[in-house]
>>> print(open('query_30.txt').read())   # compact mmCIF, C-alpha atoms and all ligand atoms
# COMPACT_ATOMS: atom_id res chain seq x y z
CA MET A 17 -4.72 -29.89 -23.88
CA GLY A 18 -6.23 -30.69 -27.31
CA GLY A 19 -3.61 -31.56 -29.96
CA ARG A 20 -2.41 -28.13 -30.92
CA THR A 21 1.26 -28.88 -30.63
CA ALA A 22 3.15 -27.28 -33.47
CA VAL A 23 5.78 -29.52 -34.97
CA ALA A 24 9.06 -28.27 -36.32
CA GLY A 25 8.57 -27.48 -39.96
CA ASP A 26 5.05 -26.17 -39.54
CA ASP A 27 4.38 -23.74 -42.29
CA ILE A 28 4.11 -20.43 -40.50
CA PRO A 29 2.96 -17.65 -42.82
CA PRO A 30 4.65 -14.24 -42.82
CA MET A 31 2.93 -11.54 -40.80
CA LYS A 32 0.22 -9.77 -42.71
CA THR A 33 -0.92 -7.14 -40.28
CA LEU A 34 2.09 -5.09 -39.36
CA SER A 35 5.77 -4.85 -40.18
CA ARG A 36 8.38 -4.25 -37.53
CA ASP A 37 8.85 -0.75 -38.93
CA ALA A 38 5.17 -0.09 -38.42
CA ALA A 39 5.46 -1.28 -34.80
CA ALA A 40 8.47 1.01 -34.33
CA ALA A 41 6.38 3.86 -35.76
CA LEU A 42 3.82 3.26 -33.01
CA ASP A 43 6.64 3.73 -30.51
CA ALA A 44 7.72 6.94 -32.20
CA ALA A 45 4.18 8.29 -31.82
CA ASP A 46 3.73 7.00 -28.24
CA PRO A 47 3.27 9.91 -25.79
CA LEU A 48 4.69 7.73 -23.00
CA ALA A 49 7.75 6.51 -24.91
CA ALA A 50 10.17 8.89 -23.17
CA LEU A 51 9.32 7.42 -19.76
CA ARG A 52 11.26 4.26 -20.48
CA ALA A 53 14.51 6.18 -20.05
CA ARG A 54 13.62 6.77 -16.40
CA PHE A 55 14.04 3.04 -15.68
CA LEU A 56 17.00 0.70 -15.42
CA LEU A 57 16.57 -2.00 -18.06
CA PRO A 58 19.34 -4.14 -19.55
CA ASP A 59 20.04 -3.64 -23.25
CA GLY A 60 18.50 -6.25 -25.46
CA VAL A 61 15.85 -7.31 -22.94
CA ARG A 62 12.19 -7.20 -23.90
CA TYR A 63 10.57 -6.97 -20.53
CA PHE A 64 7.01 -8.24 -20.23
CA ALA A 65 7.21 -9.43 -16.62
CA GLY A 66 6.50 -6.00 -15.16
CA ASN A 67 3.32 -7.59 -13.79
CA SER A 68 5.56 -9.73 -11.61
CA LEU A 69 8.37 -7.34 -10.73
CA GLY A 70 8.47 -3.84 -12.17
CA ALA A 71 11.79 -2.44 -13.41
CA PRO A 72 13.48 0.01 -11.02
CA PRO A 73 13.25 3.74 -11.69
CA ARG A 74 16.81 5.09 -11.92
CA THR A 75 16.30 7.45 -8.99
CA VAL A 76 15.73 4.63 -6.51
CA ALA A 77 19.38 3.63 -6.05
CA ALA A 78 20.51 7.17 -5.25
CA ARG A 79 17.67 7.59 -2.77
CA LEU A 80 18.60 4.36 -0.99
CA ARG A 81 22.22 5.42 -0.78
CA GLU A 82 21.12 8.71 0.76
CA VAL A 83 18.93 6.97 3.32
CA VAL A 84 21.71 4.60 4.33
CA GLU A 85 24.63 7.01 4.35
CA GLN A 86 23.05 10.27 5.48
CA GLU A 87 19.87 9.44 7.33
CA TRP A 88 20.77 6.12 8.93
CA GLY A 89 24.53 6.67 9.09
CA GLY A 90 24.32 10.38 9.93
CA GLY A 91 21.15 10.66 11.92
CA LEU A 92 21.17 7.23 13.57
CA VAL A 93 18.17 6.76 15.85
CA ARG A 94 17.32 10.46 15.54
CA ALA A 95 16.32 9.85 11.93
CA TRP A 96 13.14 8.19 13.18
CA HIS A 97 11.61 11.61 13.77
CA ASP A 98 11.37 11.91 10.01
CA TRP A 99 11.04 8.23 9.12
CA ILE A 100 7.94 7.82 11.27
CA GLU A 101 6.07 10.00 8.76
CA LEU A 102 7.22 7.95 5.76
CA PRO A 103 4.33 5.45 5.69
CA SER A 104 1.79 8.26 5.55
CA ARG A 105 3.82 10.17 2.93
CA VAL A 106 3.82 7.08 0.72
CA ALA A 107 0.10 6.58 1.39
CA ALA A 108 -0.49 10.14 0.18
CA ARG A 109 1.34 9.34 -3.06
CA LEU A 110 -0.78 6.23 -3.59
CA ALA A 111 -4.14 7.85 -2.84
CA PRO A 112 -4.55 9.62 -6.21
CA LEU A 113 -3.64 6.40 -8.05
CA LEU A 114 -6.46 4.68 -6.20
CA GLY A 115 -9.04 7.43 -6.30
CA VAL A 116 -9.37 7.81 -2.53
CA GLU A 117 -8.21 10.28 0.15
CA ALA A 118 -4.76 10.00 1.70
CA GLY A 119 -6.33 9.23 5.08
CA GLU A 120 -7.95 6.12 3.63
CA VAL A 121 -4.69 4.35 2.72
CA MET A 122 -2.26 2.50 4.97
CA VAL A 123 1.09 1.23 3.66
CA ALA A 124 2.80 -1.69 5.39
CA ASP A 125 3.48 -5.40 5.30
CA SER A 126 2.60 -7.62 2.34
CA THR A 127 -0.65 -7.95 0.42
CA THR A 128 -1.20 -11.32 2.09
CA VAL A 129 -0.88 -9.86 5.57
CA ASP A 130 -2.97 -6.79 4.78
CA LEU A 131 -5.73 -8.94 3.37
CA PHE A 132 -5.67 -11.00 6.56
CA LYS A 133 -6.15 -7.80 8.55
CA LEU A 134 -9.05 -6.59 6.40
CA LEU A 135 -10.97 -9.85 6.15
CA GLY A 136 -10.35 -10.59 9.82
CA ALA A 137 -11.68 -7.16 10.78
CA LEU A 138 -14.77 -7.70 8.65
CA LEU A 139 -15.52 -11.11 10.12
CA ALA A 140 -15.07 -9.76 13.65
CA ALA A 141 -17.42 -6.86 12.93
CA ARG A 142 -20.11 -9.21 11.57
CA PRO A 143 -19.97 -12.27 13.85
CA GLN A 144 -23.25 -13.62 12.52
CA ARG A 145 -21.76 -13.79 8.99
CA ARG A 146 -19.10 -16.48 8.71
CA ARG A 147 -18.97 -16.96 4.99
CA LEU A 148 -16.52 -15.38 2.58
CA VAL A 149 -17.15 -15.47 -1.16
CA ALA A 150 -14.37 -15.23 -3.74
CA VAL A 151 -14.88 -14.51 -7.41
CA GLU A 152 -13.23 -17.34 -9.35
CA GLY A 153 -9.72 -16.51 -10.47
CA CYS A 154 -8.45 -14.94 -7.23
CA PHE A 155 -4.74 -15.10 -6.58
CA PRO A 156 -4.13 -18.20 -4.40
CA THR A 157 -2.56 -16.39 -1.46
CA ASP A 158 -5.87 -14.51 -1.08
CA LEU A 159 -7.75 -17.80 -0.91
CA TYR A 160 -5.31 -19.23 1.61
CA VAL A 161 -5.77 -16.21 3.86
CA ALA A 162 -9.55 -16.52 3.62
CA GLN A 163 -9.40 -20.26 4.38
CA GLY A 164 -7.21 -19.62 7.41
CA LEU A 165 -9.71 -17.13 8.78
CA VAL A 166 -12.92 -19.10 8.31
CA GLU A 167 -11.66 -22.52 9.41
CA PRO A 168 -11.24 -21.80 13.14
CA ILE A 169 -14.67 -20.11 13.37
CA GLY A 170 -16.54 -22.87 11.56
CA GLY A 171 -17.18 -20.63 8.56
CA GLU A 172 -16.65 -21.29 4.88
CA LEU A 173 -15.05 -19.86 1.79
CA LEU A 174 -16.95 -20.33 -1.45
CA GLU A 175 -15.44 -19.65 -4.88
CA ARG A 176 -17.94 -18.82 -7.56
CA PRO A 177 -18.00 -17.53 -11.12
CA LEU A 178 -19.66 -14.14 -11.61
CA SER A 179 -22.94 -15.81 -12.49
CA GLY A 180 -23.03 -17.72 -9.19
CA LEU A 181 -22.38 -14.87 -6.75
CA ALA A 182 -25.90 -13.65 -6.03
CA GLU A 183 -26.87 -17.08 -4.80
CA VAL A 184 -24.22 -17.30 -2.08
CA LEU A 185 -23.78 -13.66 -1.06
CA PRO A 186 -26.71 -13.51 1.40
CA GLY A 187 -25.23 -14.15 4.84
CA SER A 188 -21.66 -13.50 3.64
CA ALA A 189 -19.33 -11.01 5.25
CA ALA A 190 -17.22 -10.20 2.20
CA LEU A 191 -16.88 -10.66 -1.52
CA LEU A 192 -13.26 -10.99 -2.57
CA VAL A 193 -12.04 -10.32 -6.09
CA SER A 194 -8.77 -9.86 -7.94
CA HIS A 195 -9.47 -6.76 -10.05
CA VAL A 196 -7.37 -8.31 -12.81
CA GLY A 197 -7.03 -12.09 -12.81
CA PHE A 198 -3.40 -13.20 -12.57
CA ARG A 199 -3.85 -16.09 -14.98
CA HIS A 200 -5.91 -14.77 -17.86
CA GLY A 201 -5.89 -11.06 -17.20
CA GLU A 202 -9.67 -10.67 -17.03
CA LEU A 203 -10.66 -7.21 -15.76
CA HIS A 204 -13.61 -7.06 -13.38
CA ASP A 205 -16.18 -4.30 -13.00
CA LEU A 206 -15.58 -3.22 -9.41
CA ARG A 207 -18.48 -0.78 -9.35
CA ALA A 208 -20.93 -3.54 -10.24
CA LEU A 209 -19.39 -6.03 -7.79
CA ALA A 210 -19.39 -3.48 -4.93
CA ALA A 211 -23.08 -2.79 -5.56
CA LEU A 212 -23.89 -6.49 -5.73
CA ALA A 213 -22.08 -7.21 -2.46
CA ARG A 214 -23.80 -4.32 -0.66
CA GLU A 215 -27.19 -5.43 -1.91
CA HIS A 216 -26.68 -8.63 0.09
CA GLY A 217 -25.19 -6.98 3.17
CA ALA A 218 -21.60 -7.95 2.34
CA LEU A 219 -18.67 -5.72 1.44
CA LEU A 220 -16.41 -5.99 -1.58
CA VAL A 221 -12.70 -6.42 -0.89
CA ALA A 222 -10.78 -5.74 -4.09
CA ASP A 223 -7.21 -6.90 -4.66
CA LEU A 224 -5.66 -4.32 -6.98
CA SER A 225 -2.21 -5.90 -7.29
CA HIS A 226 -2.48 -6.32 -11.06
CA SER A 227 -4.28 -3.08 -11.89
CA VAL A 228 -2.74 -0.30 -9.84
CA GLY A 229 -0.40 1.78 -12.00
CA THR A 230 -1.85 0.56 -15.29
CA MET A 231 -5.14 2.45 -15.35
CA PRO A 232 -6.96 5.20 -13.49
CA LEU A 233 -8.69 3.74 -10.42
CA ALA A 234 -11.65 5.52 -8.82
CA LEU A 235 -12.46 3.44 -5.75
CA ALA A 236 -14.50 6.12 -3.97
CA ASP A 237 -16.52 6.84 -7.08
CA TRP A 238 -17.06 3.11 -7.71
CA GLY A 239 -18.25 2.54 -4.13
CA VAL A 240 -15.33 0.24 -3.32
CA GLU A 241 -14.71 0.68 0.40
CA LEU A 242 -12.05 -1.94 1.07
CA ALA A 243 -9.01 -2.88 -0.99
CA VAL A 244 -5.46 -4.18 -0.87
CA GLY A 245 -2.67 -4.39 -3.39
CA CYS A 246 1.02 -4.77 -3.88
CA THR A 247 3.49 -2.15 -5.05
CA TYR A 248 6.28 -4.22 -6.59
CA LYS A 249 4.47 -5.08 -9.82
CA PHE A 250 3.47 -2.19 -12.07
CA LEU A 251 4.41 0.43 -9.44
CA GLY A 252 8.06 -0.58 -9.44
CA GLY A 253 8.50 -0.37 -5.65
CA GLY A 254 11.12 -3.13 -5.58
CA PRO A 255 11.10 -6.81 -4.61
CA GLY A 256 8.88 -7.30 -1.57
CA SER A 257 8.04 -3.59 -1.27
CA PRO A 258 5.29 -2.77 1.25
CA ALA A 259 1.69 -3.33 0.25
CA PHE A 260 -1.26 -0.98 0.71
CA LEU A 261 -4.63 -1.35 2.33
CA VAL A 262 -7.64 0.92 1.77
CA VAL A 263 -10.49 1.49 4.21
CA ALA A 264 -13.05 4.12 3.24
CA ARG A 265 -13.46 6.80 5.87
CA ARG A 266 -17.00 5.74 6.82
CA ARG A 267 -15.84 2.18 7.63
CA GLN A 268 -12.79 3.09 9.68
CA GLU A 269 -14.37 3.31 13.13
CA GLU A 270 -16.29 0.06 12.75
CA LEU A 271 -13.28 -2.08 11.77
CA GLN A 272 -10.53 -3.29 14.08
CA PRO A 273 -7.66 -5.39 12.78
CA PRO A 274 -7.15 -8.87 14.23
CA LEU A 275 -3.40 -8.35 13.95
CA ARG A 276 -2.61 -5.54 16.34
CA GLY A 277 0.65 -3.83 17.03
CA TRP A 278 2.06 -0.76 18.61
CA MET A 279 2.30 1.12 15.31
CA GLY A 280 -1.49 0.91 15.04
CA HIS A 281 -1.96 2.10 18.63
CA ALA A 282 -3.47 5.51 19.30
CA ASP A 283 -0.29 6.51 21.16
CA PRO A 284 2.57 4.06 20.55
CA PHE A 285 5.08 5.88 22.70
CA ALA A 286 2.81 5.94 25.73
CA PHE A 287 3.65 2.20 26.00
CA GLU A 288 0.24 1.37 27.45
CA THR A 289 -0.45 -2.27 28.29
CA SER A 290 -3.72 -2.41 26.31
CA TRP A 291 -4.26 -1.73 22.65
CA ARG A 292 -6.26 1.33 21.72
CA PRO A 293 -6.82 1.79 18.00
CA ALA A 294 -5.34 4.79 16.22
CA PRO A 295 -8.23 6.97 15.03
CA GLY A 296 -8.17 6.19 11.31
CA VAL A 297 -6.77 3.71 8.83
CA GLU A 298 -3.45 3.82 10.70
CA ARG A 299 -4.82 1.30 13.19
CA PHE A 300 -4.10 -1.30 10.51
CA ALA A 301 -0.34 -0.74 10.90
CA CYS A 302 1.35 -3.39 13.06
CA GLY A 303 5.06 -3.31 13.69
CA THR A 304 8.02 -1.14 12.79
CA PRO A 305 7.91 -0.16 9.12
CA SER A 306 10.72 -1.20 6.79
CA ILE A 307 12.26 2.19 6.07
CA LEU A 308 14.62 1.06 3.30
CA ALA A 309 11.74 -0.59 1.44
CA LEU A 310 9.49 2.41 1.99
CA ALA A 311 12.17 4.80 0.79
CA ALA A 312 12.59 2.80 -2.42
CA LEU A 313 8.84 2.77 -2.97
CA ASP A 314 8.60 6.50 -2.23
CA ALA A 315 11.29 7.24 -4.82
CA ALA A 316 9.68 4.93 -7.37
CA LEU A 317 6.29 6.61 -6.97
CA ALA A 318 7.89 10.05 -7.18
CA ALA A 319 9.59 9.06 -10.45
CA THR A 320 6.25 8.43 -12.13
CA ALA A 321 3.97 10.82 -10.25
CA ASP A 322 3.41 12.93 -13.39
CA VAL A 323 2.20 10.02 -15.53
CA ASP A 324 -1.31 10.33 -16.95
CA LEU A 325 -2.84 6.95 -16.16
CA ALA A 326 -5.49 7.40 -18.83
CA LEU A 327 -2.64 7.42 -21.35
CA ALA A 328 -1.10 4.40 -19.66
CA ARG A 329 -4.39 2.55 -19.99
CA ARG A 330 -4.67 3.49 -23.66
CA LYS A 331 -1.18 2.16 -24.27
CA VAL A 332 -1.99 -1.06 -22.42
CA GLU A 333 -4.92 -1.52 -24.78
CA GLY A 334 -2.77 -0.73 -27.82
CA LEU A 335 -0.04 -3.17 -26.79
CA GLY A 336 -2.64 -5.88 -26.15
CA GLU A 337 -4.38 -5.34 -29.49
CA LEU A 338 -1.06 -5.50 -31.32
CA LEU A 339 0.03 -8.64 -29.52
CA MET A 340 -3.22 -10.46 -30.21
CA SER A 341 -3.38 -9.46 -33.85
CA LEU A 342 0.21 -10.57 -34.44
CA VAL A 343 -0.45 -13.86 -32.67
CA ASP A 344 -3.58 -14.47 -34.71
CA ASP A 345 -1.80 -13.56 -37.87
CA ARG A 346 1.44 -15.40 -37.41
CA LEU A 347 0.71 -18.11 -34.85
CA GLY A 348 -3.02 -18.61 -35.19
CA GLY A 349 -3.86 -22.29 -35.00
CA THR A 350 -0.78 -23.13 -32.94
CA VAL A 351 -1.06 -20.64 -30.10
CA GLU A 352 -4.36 -19.61 -28.56
CA VAL A 353 -5.13 -16.26 -26.94
CA ALA A 354 -6.32 -17.13 -23.42
CA SER A 355 -7.19 -13.57 -22.35
CA PRO A 356 -10.42 -11.70 -23.06
CA ARG A 357 -10.48 -10.34 -26.59
CA LEU A 358 -12.33 -7.17 -25.66
CA ALA A 359 -10.04 -4.43 -24.38
CA ALA A 360 -12.65 -3.33 -21.84
CA GLN A 361 -12.53 -6.79 -20.25
CA ARG A 362 -8.74 -7.16 -20.18
CA GLY A 363 -6.06 -5.87 -17.80
CA ALA A 364 -2.41 -5.22 -18.63
CA GLN A 365 -1.52 -8.70 -19.79
CA VAL A 366 -2.18 -11.18 -22.55
CA SER A 367 -1.86 -14.86 -21.77
CA LEU A 368 -1.18 -17.34 -24.54
CA ARG A 369 -2.08 -20.99 -24.33
CA HIS A 370 0.13 -23.74 -25.71
CA PRO A 371 0.83 -27.27 -24.42
CA GLU A 372 4.56 -26.46 -24.40
CA ALA A 373 4.13 -23.10 -22.68
CA LEU A 374 6.75 -23.88 -20.02
CA ALA A 375 9.47 -24.73 -22.53
CA LEU A 376 8.50 -21.80 -24.75
CA THR A 377 8.64 -19.38 -21.83
CA GLN A 378 12.12 -20.59 -20.92
CA ALA A 379 13.39 -20.53 -24.50
CA LEU A 380 12.06 -16.96 -24.87
CA LEU A 381 13.81 -16.04 -21.65
CA ALA A 382 17.10 -17.34 -22.99
CA ALA A 383 16.63 -15.03 -25.97
CA GLY A 384 15.93 -11.98 -23.81
CA VAL A 385 12.13 -11.98 -23.99
CA VAL A 386 11.09 -12.03 -20.35
CA GLY A 387 7.56 -13.27 -19.67
CA ASP A 388 6.49 -16.02 -17.33
CA HIS A 389 4.72 -19.35 -17.20
CA ARG A 390 1.58 -20.25 -15.30
CA PRO A 391 0.67 -23.92 -15.20
CA PRO A 392 -0.47 -25.91 -16.91
CA ASP A 393 -0.22 -24.29 -20.33
CA LEU A 394 0.01 -20.50 -20.17
CA LEU A 395 2.70 -18.16 -21.39
CA ARG A 396 1.91 -14.91 -19.61
CA LEU A 397 2.96 -11.64 -21.15
CA GLY A 398 2.47 -8.59 -18.94
CA LEU A 399 2.18 -5.22 -20.66
CA PRO A 400 3.90 -2.68 -18.39
CA PRO A 401 2.93 0.54 -20.15
CA LEU A 402 5.81 2.74 -19.02
CA THR A 403 8.62 0.46 -20.14
CA LEU A 404 7.33 -1.87 -22.84
CA ARG A 405 7.60 -0.89 -26.52
CA TYR A 406 5.39 -1.87 -29.42
CA ALA A 407 8.53 -3.15 -31.15
CA ASP A 408 9.16 -5.43 -28.15
CA VAL A 409 5.76 -6.98 -28.75
CA TRP A 410 6.58 -7.49 -32.42
CA ASP A 411 9.94 -9.08 -31.56
CA ALA A 412 8.39 -11.41 -28.98
CA VAL A 413 5.81 -12.76 -31.41
CA ALA A 414 8.41 -13.13 -34.16
CA LEU A 415 10.66 -15.06 -31.79
CA LEU A 416 7.81 -17.24 -30.64
CA GLY A 417 7.10 -18.03 -34.28
CA ASP A 418 10.75 -18.90 -34.86
CA LEU A 419 10.76 -21.23 -31.85
CA LEU A 420 7.62 -23.03 -32.94
CA HIS A 421 9.11 -23.37 -36.39
CA SER A 422 12.53 -24.65 -35.31
CA GLY A 423 11.48 -26.65 -32.25
CA GLU A 424 14.45 -25.12 -30.42
CA HIS A 425 12.42 -24.92 -27.21
CA ARG A 426 12.27 -28.73 -27.10
CA ARG A 427 15.96 -28.94 -26.23
CA PRO A 428 16.47 -30.30 -22.70
CA PRO A 429 17.36 -27.14 -20.75
CA PHE A 430 14.04 -25.51 -21.58
CA ALA A 431 11.75 -28.34 -20.56
CA THR A 432 12.63 -28.42 -16.85
CA ARG A 433 10.54 -26.41 -14.44
CA ARG A 434 12.58 -24.27 -12.09
CA ARG A 435 11.59 -23.19 -8.60
CA ILE A 436 10.33 -19.83 -9.82
CA THR A 437 8.47 -19.70 -13.11
C1 LIG B 501 1.06 -10.50 -6.55
C2 LIG B 501 -0.22 -10.66 -5.83
C3 LIG B 501 -0.23 -10.85 -4.45
C4 LIG B 501 1.07 -11.00 -3.72
O1 LIG B 501 0.94 -11.01 -2.35
P1 LIG B 501 2.24 -10.90 -1.45
O2 LIG B 501 1.74 -10.94 -0.10
O3 LIG B 501 2.92 -9.62 -1.84
O4 LIG B 501 3.14 -12.03 -1.79
C5 LIG B 501 -1.46 -10.94 -3.82
N1 LIG B 501 -2.61 -10.86 -4.51
C6 LIG B 501 -2.61 -10.68 -5.84
C7 LIG B 501 -3.91 -10.57 -6.58
C8 LIG B 501 -1.42 -10.60 -6.54
O5 LIG B 501 -1.43 -10.44 -7.86
>>> encode(input="query_30.txt", output="structure tokens")
Amino acid sequence: MGGRTAVAGDDIPPMKTLSRDAAAALDAADPLAALRARFLLPDGVRYFAGNSLGAPPRTVAARLREVVEQEWGGGLVRAWHDWIELPSRVAARLAPLLGVEAGEVMVADSTTVDLFKLLGALLAARPQRRRLVAVEGCFPTDLYVAQGLVEPIGGELLERPLSGLAEVLPGSAALLVSHVGFRHGELHDLRALAALAREHGALLVADLSHSVGTMPLALADWGVELAVGCTYKFLGGGPGSPAFLVVARRRQEELQPPLRGWMGHADPFAFETSWRPAPGVERFACGTPSILALAALDAALAATADVDLALARRKVEGLGELLMSLVDDRLGGTVEVASPRLAAQRGAQVSLRHPEALALTQALLAAGVVGDHRPPDLLRLGLPPLTLRYADVWDAVALLGDLLHSGEHRRPPFATRRRIT
């Protein structure tokens, strides 16, 4: 953690690049600016942590009330006739965001569980291949799942940087990647990785948790046949909302989930004693879907269904460029940009490196700038394009400069790590 610690009294120069008025002018010209009003956000909060938990669209609460009072309360068990279709209705909403057909998406469970199903199915379909390869920077839960699958079969999980993949892919069942790295926000080229995996007889499994909803995705066009992702980050589905799993049509018959349940059975209400897979991606469903969570997700997706994701991506790039230029200008030398500088290599976040990142994150939080901390030394600022303003970025950097100048973040309450960072 080379001695970059700013001391109180550091001479921090005034910003050269852009005034706050100029940042506010970017908001005035932003074609997505009006979308912010569709979300519940407390006054005075600058919300960067949309890559951790998206803000709720305003329509979600009314939809939940309707489900509880009218459907559950009024329909009781009869409401299942309609609810049973809800997972596939939500899948159909997700499909265009992913660039696949509706019949290639299944919505249920968590990303962790869905990844277990996919990787387990792949290993079972290729018993002679017991190795999984992960591109360095995967979210840890993905690695844990992979470890849990290979251990009992005497296989192995290897983590490699991009440059080391070709060497270990021969004989591997799958190549696992987080499309956008959760720490540094690096954006991977899924088309190239899918081709590389196939060349060696493996299949790419992409985790889209940090990219879906921030940019157009074209999985079918990119040749990405298998994917998972969560819906509570940029999609605003609500805390713990159901995850999605993608299996390209041409892989559906060959893959059978290791975690089987009656909802993935060809005929659940025949109550047969042996599992028979549902014909398509639905075989990856397990147990009874959480209807309240699905209803919230359905409403959240409906609230933003008209958003042009190409515009969202352009705004993500604009927010990132502004953030980095302000940091360079005002905090350069004390705070380091830890994310790729090139927009084409960066997802919807900019991570900043500072030895006191934990205390800075918590002092920012106390002042209404909500980002998060990733150990050991990162302040992570997500760039949710539908709710974040250019002026929020300006304010966050100004506040960070003030903190580094005053040393306020060194006061005791900010230095202690809490259970959730
Ligand atoms: C957030 C995230 C998850 C979360 O998984 P859960 O099962 O929902 O807890 C998984 N993978 C990646 C890449 C993530 O960013």
>>> closest_atom_pairs(input="query_30.txt", of="chain A", to="ligand LIG 501 (chain B)", cutoff="6 Å", atoms="all atoms listed in the file", output="tab-separated table")
residue	atom	partner	partner_atom	distance
A:Ser126	CA	B:LIG501	O2	4.2
A:Thr127	CA	B:LIG501	O2	3.9
A:Thr128	CA	B:LIG501	O2	3.7
A:Phe155	CA	B:LIG501	C7	4.6
A:Asp158	CA	B:LIG501	N1	6.0
A:Ser194	CA	B:LIG501	C7	5.1
A:Phe198	CA	B:LIG501	O5	5.8
A:Asp223	CA	B:LIG501	C7	5.3
A:Ser225	CA	B:LIG501	O5	4.6
A:His226	CA	B:LIG501	O5	5.3
A:Cys246	CA	B:LIG501	O3	5.6
>>> write_last_selection(input="query_30.txt", atoms="C-alpha atoms", output="PDB file, keeping the file's coordinate frame")
ATOM      1  CA  SER A 126       2.600  -7.620   2.340  1.00  0.00           C
ATOM      2  CA  THR A 127      -0.650  -7.950   0.420  1.00  0.00           C
ATOM      3  CA  THR A 128      -1.200 -11.320   2.090  1.00  0.00           C
ATOM      4  CA  PHE A 155      -4.740 -15.100  -6.580  1.00  0.00           C
ATOM      5  CA  ASP A 158      -5.870 -14.510  -1.080  1.00  0.00           C
ATOM      6  CA  SER A 194      -8.770  -9.860  -7.940  1.00  0.00           C
ATOM      7  CA  PHE A 198      -3.400 -13.200 -12.570  1.00  0.00           C
ATOM      8  CA  ASP A 223      -7.210  -6.900  -4.660  1.00  0.00           C
ATOM      9  CA  SER A 225      -2.210  -5.900  -7.290  1.00  0.00           C
ATOM     10  CA  HIS A 226      -2.480  -6.320 -11.060  1.00  0.00           C
ATOM     11  CA  CYS A 246       1.020  -4.770  -3.880  1.00  0.00           C
TER      12      CYS A 246
END
>>> closest_atom_pairs(input="query_30.txt", of="region 50-149 of chain A", to="region 407-427 of chain A", cutoff="9 Å", atoms="all atoms listed in the file", output="CSV")
residue,atom,partner,partner_atom,distance
A:Val61,CA,A:Asp408,CA,8.7
A:Arg62,CA,A:Asp408,CA,5.5
A:Tyr63,CA,A:Asp408,CA,7.9
A:Phe64,CA,A:Asp408,CA,8.7
>>> atom_distance(input="query_30.txt", atom1="CA of Leu261 (chain A)", atom2="CA of Ile436 (chain A)")
26.7 Å
>>> residues_near_point(input="query_30.txt", point="(12.1, 5.1, -5.6)", cutoff="9 Å", atoms="all atoms listed in the file", output="list in words")
Pro72, Pro73, Arg74, Thr75, Val76, Ala77, Ala78, Arg79, Leu80, Gly252, Gly253, Gly254, Leu310, Ala311, Ala312, Leu313, Asp314, Ala315, Ala316, Leu317, Ala318 and Ala319 of chain A
>>> atom_distance(input="query_30.txt", atom1="CA of Gly153 (chain A)", atom2="CA of Ala222 (chain A)")
12.6 Å
>>> residues_around(input="query_30.txt", residues="region 368-385 of chain A", least_positions_apart="6", cutoff="6 Å", atoms="all atoms listed in the file", output="JSON, numbers by chain")
{"A": [61, 62, 351, 352, 353, 354, 393, 394, 395, 425, 430, 431]}
>>> atom_distance(input="query_30.txt", atom1="CA of Gly256 (chain A)", atom2="CA of Ala321 (chain A)")
20.7 Å
>>> closest_residue(input="query_30.txt", among="A:Leu139, A:Ala301, A:Glu183, A:Pro274", to="Val166 (chain A)", atoms="all atoms listed in the file")
A:Leu139
>>> closest_residue(input="query_30.txt", among="A:Pro58, A:Gly245, A:Pro428, A:Gly164", to="Val221 (chain A)", atoms="only C-alpha atoms")
A:Gly245
>>> residues_around(input="query_30.txt", residues="Met279 (chain A)", least_positions_apart="3", cutoff="7 Å", atoms="all atoms listed in the file", output="MDAnalysis selection string")
chainID A and resid 284 301:304
>>> residues_around(input="query_30.txt", residues="Val262 (chain A)", least_positions_apart="2", cutoff="8 Å", atoms="all atoms listed in the file", output="list of chain:residue names")
A:Glu120, A:Val121, A:Met122, A:Glu241, A:Leu242, A:Ala243, A:Val244, A:Phe260, A:Ala264, A:Val297
